[in-house]
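File shown: entry_6.txt (compact mmCIF, C-alpha atoms).
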```txt
# COMPACT_ATOMS: atom_id res chain seq x y z
CA HIS J 1 -29.58 -6.55 -6.37
CA ALA J 2 -26.59 -5.21 -8.34
CA THR J 3 -26.44 -5.53 -12.10
CA THR J 4 -23.39 -6.43 -14.18
CA LEU J 5 -22.00 -4.54 -17.15
CA SER J 6 -19.75 -6.75 -19.30
CA LEU J 7 -17.55 -5.46 -22.12
CA ASN J 8 -16.02 -8.35 -24.07
CA ALA J 9 -13.80 -8.32 -27.15
CA GLU J 10 -12.24 -11.17 -29.11
CA ASN J 11 -9.06 -9.16 -29.67
CA ASP J 12 -8.39 -5.75 -28.07
CA ILE J 13 -10.16 -3.14 -25.99
CA TYR J 14 -8.78 0.40 -26.21
CA ILE J 15 -9.74 2.79 -23.41
CA GLY J 16 -9.73 6.53 -24.10
CA GLU J 17 -11.37 9.29 -22.06
CA ILE J 18 -13.73 6.94 -20.25
CA TRP J 19 -16.06 8.06 -17.46
CA MET J 20 -18.26 5.39 -15.86
CA PHE J 21 -20.62 6.29 -13.05
CA PRO J 22 -22.90 3.28 -12.40
CA TRP J 23 -24.27 3.74 -8.92
CA ILE J 24 -27.57 3.74 -7.03
CA ALA J 25 -28.70 7.26 -6.23
CA GLY J 26 -29.42 8.40 -2.72
CA ARG J 27 -31.99 10.84 -1.48
CA VAL J 28 -32.33 14.57 -1.67
CA ALA J 29 -33.19 16.15 1.69
CA PHE J 30 -34.26 19.71 2.38
CA ALA J 31 -33.75 21.31 5.78
CA PRO J 32 -35.63 24.47 6.82
CA GLY J 33 -33.55 27.61 6.67
CA MET J 34 -30.84 26.10 4.49
CA SER J 35 -30.03 27.64 1.17
CA GLY J 36 -29.36 26.33 -2.32
CA GLU J 37 -26.48 23.89 -2.34
CA GLN J 38 -26.75 23.22 1.41
CA GLN J 39 -30.20 21.72 0.98
CA ILE J 40 -28.91 18.70 -0.90
CA ASP J 41 -27.89 15.59 1.04
CA PHE J 42 -26.89 13.37 -1.86
CA LYS J 43 -25.46 10.06 -0.71
CA PRO J 44 -25.26 6.64 -2.34
CA LYS J 45 -27.52 4.14 -0.62
CA GLY J 46 -26.13 1.05 -2.32
CA VAL J 47 -23.37 -0.38 -4.44
CA GLY J 48 -23.37 0.35 -8.16
CA SER J 49 -23.09 -2.14 -10.99
CA ASP J 50 -20.26 -4.61 -11.35
CA ILE J 51 -18.12 -3.96 -14.43
CA ASN J 52 -16.17 -6.62 -16.34
CA PHE J 53 -13.67 -5.97 -19.16
CA THR J 54 -12.46 -9.10 -20.99
CA ALA J 55 -10.20 -9.18 -24.08
CA LYS J 56 -6.95 -10.44 -25.53
CA ASN J 57 -5.35 -7.06 -24.75
CA ILE J 58 -6.79 -4.16 -22.74
CA LEU J 59 -4.89 -0.96 -23.51
CA SER J 60 -5.20 2.56 -22.15
CA ARG J 61 -2.46 4.61 -23.80
CA GLN J 62 -3.70 8.19 -23.63
CA ASP J 63 -1.54 11.19 -24.40
CA PRO J 64 -1.87 13.17 -21.14
CA LEU J 65 -0.98 16.41 -22.90
CA LYS J 66 -4.11 16.09 -25.06
CA MET J 67 -6.49 15.09 -22.28
CA ASP J 68 -9.29 17.36 -21.09
CA PRO J 69 -8.80 17.70 -17.29
CA LEU J 70 -12.58 17.94 -16.84
CA TYR J 71 -12.96 14.43 -18.23
CA TYR J 72 -10.10 12.59 -16.57
CA PRO J 73 -10.68 8.88 -17.21
CA THR J 74 -12.63 7.68 -14.17
CA ILE J 75 -14.60 4.66 -12.99
CA GLU J 76 -16.60 5.79 -9.97
CA HIS J 77 -19.14 4.46 -7.46
CA THR J 78 -19.12 0.93 -8.85
CA GLY J 79 -19.42 -2.50 -7.36
CA SER J 80 -16.68 -4.96 -8.29
CA VAL J 81 -14.48 -4.08 -11.27
CA ARG J 82 -12.57 -6.71 -13.25
CA PHE J 83 -10.06 -6.30 -16.07
CA ILE J 84 -9.17 -9.71 -17.52
CA ALA J 85 -6.62 -9.71 -20.37
CA GLU J 86 -5.27 -12.83 -22.02
CA GLU J 87 -1.98 -11.09 -22.84
CA ASN J 88 -1.33 -7.41 -21.96
CA LEU J 89 -3.19 -5.18 -19.55
CA GLU J 90 -1.99 -1.56 -19.72
CA LEU J 91 -3.78 1.21 -17.84
CA GLY J 92 -1.96 4.48 -18.40
CA VAL J 93 -4.35 7.04 -16.92
CA LEU J 94 -7.39 6.01 -14.86
CA ASN J 95 -9.08 6.84 -11.55
CA PHE J 96 -10.92 4.22 -9.50
CA VAL J 97 -13.09 6.03 -6.96
CA SER J 98 -15.37 4.58 -4.28
CA VAL J 99 -17.16 6.77 -1.73
CA ASN J 100 -19.66 4.29 -0.33
CA GLU J 101 -18.44 3.83 3.23
CA LYS J 102 -20.67 0.87 4.16
CA PRO J 103 -21.65 -1.19 1.14
CA THR J 104 -23.80 -4.22 1.81
CA ARG J 105 -21.50 -6.71 0.06
CA GLU J 106 -17.83 -7.33 -0.59
CA MET J 107 -16.39 -5.62 -3.65
CA ILE J 108 -13.37 -7.02 -5.48
CA ASN J 109 -11.25 -5.10 -7.96
CA GLU J 110 -9.44 -7.70 -10.05
CA PHE J 111 -6.72 -7.23 -12.67
CA ARG J 112 -5.41 -10.28 -14.52
CA GLY J 113 -3.12 -10.59 -17.52
CA GLY J 114 0.18 -11.81 -18.91
CA ASP J 115 2.03 -8.53 -18.28
CA ILE J 116 0.33 -5.74 -16.34
CA ILE J 117 1.38 -2.07 -16.47
CA PHE J 118 -0.15 0.80 -14.51
CA GLY J 119 0.89 4.41 -15.12
CA LEU J 120 2.87 6.32 -17.71
CA GLU J 121 6.49 6.81 -18.58
CA THR J 122 6.79 10.58 -18.80
CA GLY J 123 9.20 13.25 -17.68
CA ASP J 124 6.45 15.67 -16.69
CA GLU J 125 6.08 15.31 -12.91
CA SER J 126 2.77 17.18 -12.84
CA ILE J 127 1.30 14.50 -15.04
CA SER J 128 3.06 11.48 -13.59
CA ALA J 129 1.93 12.42 -10.08
CA ALA J 130 -1.61 11.34 -10.97
CA SER J 131 -1.60 8.57 -13.53
CA VAL J 132 -3.52 5.67 -11.97
CA ASN J 133 -5.29 6.32 -8.67
CA PHE J 134 -7.28 4.04 -6.39
CA VAL J 135 -9.28 6.30 -4.08
CA ASN J 136 -10.81 4.09 -1.38
CA LEU J 137 -10.99 3.81 2.37
CA ASP J 138 -7.81 2.16 3.65
CA ASN J 139 -9.83 0.21 6.23
CA ALA J 140 -13.34 -1.19 5.76
CA ASP J 141 -15.72 -3.56 7.55
CA LYS J 142 -15.73 -5.93 4.58
CA ASN J 143 -12.82 -7.43 2.69
CA HIS J 144 -12.86 -5.12 -0.35
CA ARG J 145 -9.69 -6.53 -1.85
CA VAL J 146 -7.69 -5.61 -4.94
CA ILE J 147 -6.30 -8.65 -6.74
CA ILE J 148 -3.46 -8.18 -9.24
CA SER J 149 -2.37 -11.41 -10.89
CA ALA J 150 0.12 -11.65 -13.77
CA SER J 151 1.73 -14.70 -15.32
CA GLY J 152 4.53 -12.32 -16.34
CA ASP J 153 5.55 -8.97 -14.85
CA VAL J 154 3.68 -6.22 -13.01
CA ARG J 155 5.04 -2.68 -13.40
CA PHE J 156 3.89 0.49 -11.68
CA LEU J 157 5.28 3.31 -13.77
CA SER J 158 5.60 6.80 -12.38
CA GLY J 159 2.62 8.15 -10.46
CA VAL J 160 0.53 5.16 -9.36
CA ASN J 161 -1.24 5.89 -6.08
CA MET J 162 -3.13 2.90 -4.68
CA THR J 163 -5.13 3.16 -1.44
CA VAL J 164 -7.16 -0.01 -0.82
CA PRO J 165 -8.37 -2.03 2.18
CA ALA J 166 -6.34 -5.11 1.15
CA LEU J 167 -4.09 -6.25 -1.69
CA SER J 168 -3.19 -9.64 -3.15
CA LEU J 169 -0.47 -9.43 -5.83
CA THR J 170 1.19 -12.31 -7.68
CA ALA J 171 3.71 -11.89 -10.51
CA LYS J 172 6.99 -13.12 -11.90
CA ASN J 173 8.54 -9.66 -11.28
CA PHE J 174 7.11 -6.55 -9.65
CA ASP J 175 8.69 -3.13 -10.19
CA ALA J 176 7.31 0.11 -8.72
CA ASN J 177 8.73 3.52 -9.64
CA ASN J 178 7.65 6.75 -7.91
CA SER J 179 4.48 5.04 -6.70
CA GLU J 180 2.64 4.53 -3.42
CA ILE J 181 0.71 1.52 -2.13
CA THR J 182 -1.36 1.92 1.04
CA VAL J 183 -3.35 -0.96 2.51
CA GLY J 184 -5.43 -1.25 5.65
CA GLY J 185 -4.72 -3.22 8.80
CA THR J 186 -8.14 -4.84 9.15
CA PHE J 187 -7.43 -7.61 6.62
CA GLY J 188 -4.11 -9.15 5.68
CA SER J 189 -2.31 -8.43 2.41
CA GLU J 190 0.25 -10.39 0.45
CA LEU J 191 2.69 -9.76 -2.37
CA ALA J 192 4.08 -13.00 -3.82
CA VAL J 193 6.75 -12.41 -6.47
CA GLN J 194 8.68 -15.26 -8.06
CA ASP J 195 11.84 -13.34 -8.99
CA THR J 196 12.54 -9.63 -8.26
CA LEU J 197 10.47 -7.13 -6.29
CA SER J 198 11.96 -3.64 -6.62
CA LEU J 199 10.90 -0.28 -5.18
CA ARG J 200 12.49 2.67 -6.99
CA GLY J 201 12.12 6.44 -7.11
CA GLY J 202 10.90 6.72 -3.54
CA SER J 203 8.19 4.08 -3.94
CA THR J 204 6.47 2.92 -0.76
CA ILE J 205 4.35 0.10 0.63
CA GLU J 206 2.49 1.09 3.80
CA SER J 207 -0.08 -0.58 6.03
CA LEU J 208 -2.28 1.63 8.23
CA SER J 209 -4.22 0.21 11.16
CA PRO J 210 -7.86 1.26 11.69
CA ARG J 211 -8.49 4.55 13.47
CA GLY J 212 -9.91 4.80 16.98
CA GLU J 213 -9.97 2.78 20.15
CA SER J 214 -11.07 -0.82 20.59
CA ASP J 215 -14.52 -1.30 22.13
CA SER J 216 -13.59 -4.51 23.90
CA ALA J 217 -10.72 -6.98 23.63
CA VAL J 218 -8.11 -5.91 21.09
CA PRO J 219 -8.10 -8.42 18.19
CA ASP J 220 -4.92 -10.08 16.99
CA PRO J 221 -3.00 -8.14 14.35
CA VAL J 222 -3.13 -9.22 10.72
CA SER J 223 0.00 -9.84 8.65
CA ILE J 224 1.48 -8.15 5.61
CA ASP J 225 3.37 -10.94 3.84
CA ILE J 226 5.94 -10.13 1.14
CA SER J 227 7.93 -12.83 -0.64
CA SER J 228 10.38 -12.75 -3.57
CA GLN J 229 13.66 -14.18 -4.78
CA GLN J 230 15.24 -10.71 -4.72
CA LEU J 231 13.98 -7.67 -2.80
CA VAL J 232 15.56 -4.34 -3.78
CA LEU J 233 14.76 -1.02 -2.10
CA GLU J 234 16.48 1.96 -3.71
CA PRO J 235 17.00 5.35 -1.97
CA ASP J 236 13.96 6.92 -0.22
CA SER J 237 11.85 3.78 -0.66
CA TYR J 238 10.35 1.94 2.28
CA ILE J 239 8.01 -0.78 3.54
CA VAL J 240 6.24 0.05 6.83
CA ALA J 241 3.31 -1.07 8.98
CA THR J 242 1.99 1.68 11.23
CA ASN J 243 -1.11 3.53 12.46
CA HIS J 244 -2.96 6.66 11.47
CA GLY J 245 -1.24 9.53 13.23
CA VAL J 246 -4.39 11.32 14.39
CA ASN J 247 -5.58 9.79 17.67
CA VAL J 248 -2.75 9.25 20.19
CA THR J 249 -5.05 7.11 22.37
CA GLY J 250 -5.91 4.74 19.51
CA ASP J 251 -5.05 1.12 20.22
CA LYS J 252 -6.34 -0.89 17.28
CA PRO J 253 -3.68 -3.40 16.27
CA ILE J 254 -0.91 -2.53 13.83
CA ALA J 255 -0.14 -5.23 11.28
CA ASN J 256 2.82 -7.56 11.62
CA LEU J 257 5.29 -7.48 8.73
CA ASN J 258 6.78 -10.68 7.31
CA ILE J 259 9.47 -10.51 4.61
CA GLN J 260 10.88 -13.62 2.91
CA SER J 261 13.43 -13.43 0.10
CA GLY J 262 16.54 -15.01 -1.32
CA GLU J 263 18.52 -11.74 -1.38
CA ILE J 264 17.54 -8.42 0.23
CA SER J 265 19.28 -5.16 -0.65
CA LEU J 266 18.53 -1.76 0.91
CA GLU J 267 20.26 1.51 0.04
CA ASP J 268 19.15 4.56 2.06
CA ALA J 269 15.82 2.80 2.60
CA PHE J 270 14.00 1.08 5.44
CA ILE J 271 11.71 -1.76 6.45
CA SER J 272 9.93 -1.17 9.75
CA THR J 273 6.90 -1.26 12.00
CA LYS J 274 5.98 1.86 13.94
CA SER J 275 3.49 3.11 16.55
CA THR J 276 2.61 6.74 17.26
CA ASN J 277 -0.34 5.93 19.55
CA ALA J 278 -1.18 3.45 22.33
CA ALA J 279 -0.99 0.35 20.11
CA LYS J 280 2.01 -1.93 20.10
CA ALA J 281 4.02 -1.71 16.89
CA GLY J 282 3.78 -4.85 14.81
CA ASP J 283 6.36 -7.60 14.97
CA LEU J 284 8.85 -7.68 12.11
CA GLU J 285 10.28 -10.90 10.71
CA VAL J 286 12.86 -10.90 7.90
CA THR J 287 14.18 -14.16 6.43
CA ALA J 288 16.67 -14.26 3.56
CA THR J 289 19.80 -16.02 2.37
CA GLY J 290 21.65 -12.72 2.12
CA ILE J 291 20.81 -9.28 3.56
CA ALA J 292 22.75 -6.13 2.62
CA LEU J 293 22.00 -2.80 4.35
CA ASP J 294 23.87 0.26 3.06
CA LYS J 295 23.85 4.08 3.43
CA ASP J 296 21.75 4.65 6.57
CA SER J 297 19.28 1.86 5.81
CA ARG J 298 17.17 0.50 8.66
CA ILE J 299 15.39 -2.63 9.71
CA GLY J 300 13.51 -1.53 12.80
CA SER J 301 10.49 -1.27 15.04
CA TYR J 302 9.70 2.01 16.77
CA SER J 303 7.43 3.49 19.42
CA PHE J 304 6.91 7.25 19.28
CA SER J 305 4.20 7.38 21.95
CA LYS J 306 2.66 5.13 24.63
CA GLY J 307 2.83 1.88 22.68
CA GLU J 308 5.60 -0.69 22.71
CA SER J 309 7.87 -1.38 19.79
CA GLY J 310 7.63 -4.79 18.19
CA ASP J 311 9.90 -7.81 18.19
CA ILE J 312 12.42 -8.11 15.36
CA THR J 313 13.49 -11.53 14.12
CA ILE J 314 16.13 -11.78 11.38
CA GLY J 315 17.35 -15.04 9.90
CA SER J 316 20.01 -15.18 7.20
CA SER J 317 23.15 -16.93 6.05
CA ARG J 318 24.91 -13.60 5.46
CA LEU J 319 24.10 -10.18 6.97
CA THR J 320 26.17 -7.17 5.90
CA MET J 321 25.59 -3.69 7.35
CA SER J 322 27.56 -0.67 6.14
CA GLY J 323 27.34 3.10 5.78
CA GLY J 324 25.76 3.73 9.20
CA SER J 325 22.97 1.20 8.72
CA ALA J 326 21.15 -0.26 11.71
CA VAL J 327 18.86 -2.88 13.15
CA GLU J 328 16.99 -1.29 16.05
CA SER J 329 13.93 -1.54 18.25
CA GLY J 330 12.66 1.08 20.67
CA LEU J 331 12.43 4.85 20.53
CA ASP J 332 14.55 6.46 17.88
CA GLN J 333 17.44 8.49 19.28
CA VAL J 334 16.27 11.63 17.46
CA VAL J 335 12.92 11.46 19.26
CA LEU J 336 14.59 10.85 22.60
CA GLU J 337 16.78 13.91 22.19
CA GLY J 338 13.92 16.03 20.82
CA GLU J 339 11.80 15.31 23.90
CA GLU J 340 14.80 15.77 26.22
CA ARG J 341 14.28 12.51 28.03
CA ALA J 342 17.13 10.40 26.70
CA PRO J 343 17.93 7.67 27.56
CA TYR J 344 14.39 6.96 28.75
CA ALA J 345 11.90 5.56 26.26
CA ALA J 346 8.12 6.02 26.43
CA GLY J 347 7.29 2.35 26.01
CA ASP J 348 8.94 -1.05 26.29
CA SER J 349 10.99 -2.11 23.33
CA GLY J 350 10.60 -5.44 21.65
CA ASP J 351 13.26 -8.12 21.49
CA ILE J 352 15.81 -8.36 18.69
CA LYS J 353 16.89 -11.83 17.58
CA ILE J 354 19.42 -12.18 14.77
CA THR J 355 20.49 -15.60 13.52
CA SER J 356 23.12 -15.42 10.78
CA GLY J 357 25.97 -17.58 9.54
CA VAL J 358 28.12 -14.53 8.83
CA MET J 359 27.50 -11.00 10.13
CA HIS J 360 29.54 -7.91 9.14
CA LEU J 361 29.07 -4.46 10.72
CA GLU J 362 31.07 -1.73 9.00
CA GLU J 363 31.34 2.07 8.81
CA GLY J 364 29.44 2.95 11.96
CA SER J 365 26.62 0.43 11.55
CA TYR J 366 25.02 -0.93 14.70
CA VAL J 367 22.34 -3.04 16.41
CA ARG J 368 20.46 -1.25 19.21
CA ASN J 369 17.64 -2.10 21.59
CA ALA J 370 16.49 0.98 23.59
CA GLN J 371 14.48 0.00 26.71
CA ILE J 372 12.84 1.91 29.52
CA ASP J 373 15.55 3.24 31.86
CA ASN J 374 18.22 2.00 29.50
CA ALA J 375 19.55 2.78 26.03
CA LEU J 376 22.03 0.34 24.58
```
Could you take the file, read its structure, and then write that structure out as structure tokens?
Amino acid sequence: HATTLSLNAENDIYIGEIWMFPWIAGRVAFAPGMSGEQQIDFKPKGVGSDINFTAKNILSRQDPLKMDPLYYPTIEHTGSVRFIAEENLELGVLNFVSVNEKPTREMINEFRGGDIIFGLETGDESISAASVNFVNLDNADKNHRVIISASGDVRFLSGVNMTVPALSLTAKNFDANNSEITVGGTFGSELAVQDTLSLRGGSTIESLSPRGESDSAVPDPVSIDISSQQLVLEPDSYIVATNHGVNVTGDKPIANLNIQSGEISLEDAFISTKSTNAAKAGDLEVTATGIALDKDSRIGSYSFSKGESGDITIGSSRLTMSGGSAVESGLDQVVLEGEERAPYAAGDSGDIKITSGVMHLEEGSYVRNAQIDNAL
């Protein structure tokens, strides 16, 4: 039975060079003929303590230039972790690490506050590349979900790297800069933003399906649901649902991707589903009042191997495509030419359905559906 460690303050909690390691030790095994370090088989056999922080404000504002790299702020091998702030929750530098592959219960990491900020604003890229990290399996047997809930804004400053089995995020505004979010494809995830969701500085949201091949019937894919009043993707940013690129025979389902927004704006960015193994790429549905694609932006679904590409459904009052932007399903032309089999695709392409009151295609923009024995 797991214990709970609660840290409560009437006003503020300040976090410095914290290192919490509350776990249940495993066993030490010795094998004949093995030397020194090789003799130790040290694995956790259970989930560590739950940890709860509760205060008016929870603030972690370290100066990274003064931090000892040997004592990087870390919370490791825990059960559920909860940070509950009445007003501001600011975590500048912190690692969340879990190595227990098969815990016996669900673990929830929960972050609640008025405004929530992860990461640091700094010009030093070597520091900003590792500000707040969530080091977890991207797929797990149990729904080990991260919940981020703000009555105000959520901001990921430079260098947030979040890998979690599932994510539920609610906020008035969500802004990510130079940050990466990776979720699994075993459980669904959702980002519900009232006003503006923006990805800047090459920020990404990616869903990865489980590795391997299905033992029996392939289950239905889960959905990654993203909603906002405005969705803005700046250059080199993207939202994608795909598979791990290791096993080309893998067929576990890739998540469907559902985007709903008032206005969507992409500049040299893309929203897509993709398969590089035997699984069908997820279906992609985009619904918005206005959609603007500029400077080689893409809304697409792609097959780079034996799987099919997914269906694309776009509904809008106004769709504008410029600067060589595209809506496409099938095998990307670059891959076709690289494998010298154009115009033949490896797998069937999904359907493309666009319903729009007004549709403008300018400056070499296009809609393409590349099928077996045909490339349109």
Handout entry: Which residue of J:Gly79, J:Pro165, J:Gly357, J:Pro210 approaches His244 (chain J) most closely, using all atoms listed in the file
Key =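 Closest to His244 (chain J), using all atoms listed in the file: J:Pro210.
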Counting all atoms listed in the file, what is within 8 Å of region 278-294 of chain J, bar same-chain residues fewer than 2 positions away, as an mmCIF file with C-alpha atoms, keeping the file's coordinate frame?
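Output (selection-v5.cif):
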```
data_model
loop_
_atom_site.group_PDB
_atom_site.id
_atom_site.type_symbol
_atom_site.label_atom_id
_atom_site.label_comp_id
_atom_site.auth_asym_id
_atom_site.auth_seq_id
_atom_site.Cartn_x
_atom_site.Cartn_y
_atom_site.Cartn_z
ATOM 1 C CA PRO J 221 -3.000 -8.140 14.350
ATOM 2 C CA ALA J 241 3.310 -1.070 8.980
ATOM 3 C CA THR J 242 1.990 1.680 11.230
ATOM 4 C CA VAL J 248 -2.750 9.250 20.190
ATOM 5 C CA THR J 249 -5.050 7.110 22.370
ATOM 6 C CA GLY J 250 -5.910 4.740 19.510
ATOM 7 C CA ASP J 251 -5.050 1.120 20.220
ATOM 8 C CA LYS J 252 -6.340 -0.890 17.280
ATOM 9 C CA PRO J 253 -3.680 -3.400 16.270
ATOM 10 C CA ILE J 254 -0.910 -2.530 13.830
ATOM 11 C CA ALA J 255 -0.140 -5.230 11.280
ATOM 12 C CA ASN J 256 2.820 -7.560 11.620
ATOM 13 C CA LEU J 257 5.290 -7.480 8.730
ATOM 14 C CA ASN J 258 6.780 -10.680 7.310
ATOM 15 C CA ILE J 259 9.470 -10.510 4.610
ATOM 16 C CA GLN J 260 10.880 -13.620 2.910
ATOM 17 C CA SER J 261 13.430 -13.430 0.100
ATOM 18 C CA GLY J 262 16.540 -15.010 -1.320
ATOM 19 C CA GLU J 263 18.520 -11.740 -1.380
ATOM 20 C CA ILE J 264 17.540 -8.420 0.230
ATOM 21 C CA SER J 265 19.280 -5.160 -0.650
ATOM 22 C CA LEU J 266 18.530 -1.760 0.910
ATOM 23 C CA GLU J 267 20.260 1.510 0.040
ATOM 24 C CA ASP J 268 19.150 4.560 2.060
ATOM 25 C CA SER J 272 9.930 -1.170 9.750
ATOM 26 C CA THR J 273 6.900 -1.260 12.000
ATOM 27 C CA LYS J 274 5.980 1.860 13.940
ATOM 28 C CA SER J 275 3.490 3.110 16.550
ATOM 29 C CA THR J 276 2.610 6.740 17.260
ATOM 30 C CA ASP J 296 21.750 4.650 6.570
ATOM 31 C CA SER J 297 19.280 1.860 5.810
ATOM 32 C CA ARG J 298 17.170 0.500 8.660
ATOM 33 C CA GLY J 300 13.510 -1.530 12.800
ATOM 34 C CA SER J 301 10.490 -1.270 15.040
ATOM 35 C CA TYR J 302 9.700 2.010 16.770
ATOM 36 C CA SER J 303 7.430 3.490 19.420
ATOM 37 C CA SER J 305 4.200 7.380 21.950
ATOM 38 C CA LYS J 306 2.660 5.130 24.630
ATOM 39 C CA GLY J 307 2.830 1.880 22.680
ATOM 40 C CA GLU J 308 5.600 -0.690 22.710
ATOM 41 C CA SER J 309 7.870 -1.380 19.790
ATOM 42 C CA GLY J 310 7.630 -4.790 18.190
ATOM 43 C CA ASP J 311 9.900 -7.810 18.190
ATOM 44 C CA ILE J 312 12.420 -8.110 15.360
ATOM 45 C CA THR J 313 13.490 -11.530 14.120
ATOM 46 C CA ILE J 314 16.130 -11.780 11.380
ATOM 47 C CA GLY J 315 17.350 -15.040 9.900
ATOM 48 C CA SER J 316 20.010 -15.180 7.200
ATOM 49 C CA SER J 317 23.150 -16.930 6.050
ATOM 50 C CA ARG J 318 24.910 -13.600 5.460
ATOM 51 C CA LEU J 319 24.100 -10.180 6.970
ATOM 52 C CA THR J 320 26.170 -7.170 5.900
ATOM 53 C CA MET J 321 25.590 -3.690 7.350
ATOM 54 C CA SER J 322 27.560 -0.670 6.140
ATOM 55 C CA GLY J 323 27.340 3.100 5.780
ATOM 56 C CA GLY J 324 25.760 3.730 9.200
ATOM 57 C CA SER J 325 22.970 1.200 8.720
ATOM 58 C CA ALA J 326 21.150 -0.260 11.710
#
```
Exercise for the section: Kindly give the distance, in Å, that separates CA of Thr204 (chain J) and CA of His360 (chain J), rounded to a single decimal. Expected result: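 That distance, rounded to one decimal, is 27.3 Å.
Relative to CA of Asn161 (chain J), CA of Ile181 (chain J) is found at 6.2 Å.
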Exercise for the section: Could you jot down the CA of Thr3 (chain J) to CA of Asn52 (chain J) separation for me, Å, one decimal place? Expected result: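 Straight-line distance from CA of Thr3 (chain J) to CA of Asn52 (chain J) works out to 11.2 Å.
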Exercise for the section: Kindly extract all protein, DNA and RNA residues lying within 10 Å of the coordinates (-8.8, 2.2, 0.5) given in the file, considering all atoms listed in the file, and supply them as an MDAnalysis selection string. Expected result: chainID J and resid 97:99 134:140 144:146 162:167 181:184
Exercise for the section: May I have the residues at most 8 Å from (-13.3, 11.2, -12.2) in the file's coordinates, counting all atoms listed in the file, as a ChimeraX atom specification? Expected result: /J:19,71-76,95-97
Handout entry: Spatial neighbours of Ser228 (chain J), max dist 6 Å, only C-alpha atoms, sep filter under 5 positions, as a ChimeraX atom specification
Key = /J:193-195,261
Exercise for the section: Choose the residue, out of J:Asp115, J:Glu206, J:Asp220, J:Glu10, that has the smallest atom-to-atom separation from Lys172 (chain J); count only C-alpha atoms. Expected result: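 The shortest atom-to-atom distance to Lys172 (chain J) comes from J:Asp115.
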If the box runs along x, y and z of the file and leaves 8 Å on each side of region 279-291 of chain J, what are its centre and edge lengths in Å, one decimal, as JSON?
```
{"center_x": 10.3, "center_y": -7.8, "center_z": 11.1, "size_x": 38.6, "size_y": 32.4, "size_z": 34.0}
```
Handout entry: Minimum-distance residue to Thr196 (chain J), chosen among J:Asp153, J:Glu17, J:Ser168, J:Asp225 (using only C-alpha atoms)
Key = J:Asp153
If I only have part of region 219-229 of chain J, can you fill in N, CA, C and O atoms and write it as a PDB file, in the coordinates of the input?
```pdb
ATOM      1  N   PRO J 219      -8.306  -7.220  19.015  1.00  0.00           N
ATOM      2  CA  PRO J 219      -8.100  -8.420  18.190  1.00  0.00           C
ATOM      3  C   PRO J 219      -6.625  -8.609  17.844  1.00  0.00           C
ATOM      4  O   PRO J 219      -5.817  -7.683  17.958  1.00  0.00           O
ATOM      5  N   ASP J 220      -6.289  -9.817  17.411  1.00  0.00           N
ATOM      6  CA  ASP J 220      -4.920 -10.080  16.990  1.00  0.00           C
ATOM      7  C   ASP J 220      -4.604  -9.308  15.714  1.00  0.00           C
ATOM      8  O   ASP J 220      -5.473  -9.128  14.864  1.00  0.00           O
ATOM      9  N   PRO J 221      -3.357  -8.860  15.577  1.00  0.00           N
ATOM     10  CA  PRO J 221      -3.000  -8.140  14.350  1.00  0.00           C
ATOM     11  C   PRO J 221      -2.978  -9.051  13.135  1.00  0.00           C
ATOM     12  O   PRO J 221      -2.699 -10.248  13.244  1.00  0.00           O
ATOM     13  N   VAL J 222      -3.261  -8.485  11.970  1.00  0.00           N
ATOM     14  CA  VAL J 222      -3.130  -9.220  10.720  1.00  0.00           C
ATOM     15  C   VAL J 222      -1.681  -9.153  10.266  1.00  0.00           C
ATOM     16  O   VAL J 222      -0.843  -8.492  10.891  1.00  0.00           O
ATOM     17  N   SER J 223      -1.372  -9.815   9.165  1.00  0.00           N
ATOM     18  CA  SER J 223       0.000  -9.840   8.650  1.00  0.00           C
ATOM     19  C   SER J 223       0.054  -9.277   7.236  1.00  0.00           C
ATOM     20  O   SER J 223      -0.860  -9.488   6.435  1.00  0.00           O
ATOM     21  N   ILE J 224       1.127  -8.558   6.964  1.00  0.00           N
ATOM     22  CA  ILE J 224       1.480  -8.150   5.610  1.00  0.00           C
ATOM     23  C   ILE J 224       2.631  -9.046   5.190  1.00  0.00           C
ATOM     24  O   ILE J 224       3.724  -8.970   5.753  1.00  0.00           O
ATOM     25  N   ASP J 225       2.387  -9.928   4.237  1.00  0.00           N
ATOM     26  CA  ASP J 225       3.370 -10.940   3.840  1.00  0.00           C
ATOM     27  C   ASP J 225       3.931 -10.586   2.469  1.00  0.00           C
ATOM     28  O   ASP J 225       3.179 -10.435   1.494  1.00  0.00           O
ATOM     29  N   ILE J 226       5.258 -10.482   2.385  1.00  0.00           N
ATOM     30  CA  ILE J 226       5.940 -10.130   1.140  1.00  0.00           C
ATOM     31  C   ILE J 226       7.010 -11.174   0.868  1.00  0.00           C
ATOM     32  O   ILE J 226       7.879 -11.409   1.717  1.00  0.00           O
ATOM     33  N   SER J 227       6.947 -11.799  -0.299  1.00  0.00           N
ATOM     34  CA  SER J 227       7.930 -12.830  -0.640  1.00  0.00           C
ATOM     35  C   SER J 227       8.459 -12.592  -2.044  1.00  0.00           C
ATOM     36  O   SER J 227       7.734 -12.130  -2.926  1.00  0.00           O
ATOM     37  N   SER J 228       9.743 -12.913  -2.258  1.00  0.00           N
ATOM     38  CA  SER J 228      10.380 -12.750  -3.570  1.00  0.00           C
ATOM     39  C   SER J 228      11.708 -13.493  -3.548  1.00  0.00           C
ATOM     40  O   SER J 228      12.192 -13.916  -2.491  1.00  0.00           O
ATOM     41  N   GLN J 229      12.308 -13.644  -4.715  1.00  0.00           N
ATOM     42  CA  GLN J 229      13.660 -14.180  -4.780  1.00  0.00           C
ATOM     43  C   GLN J 229      14.695 -13.090  -4.520  1.00  0.00           C
ATOM     44  O   GLN J 229      15.712 -13.318  -3.883  1.00  0.00           O
TER      45      GLN J 229
END
```
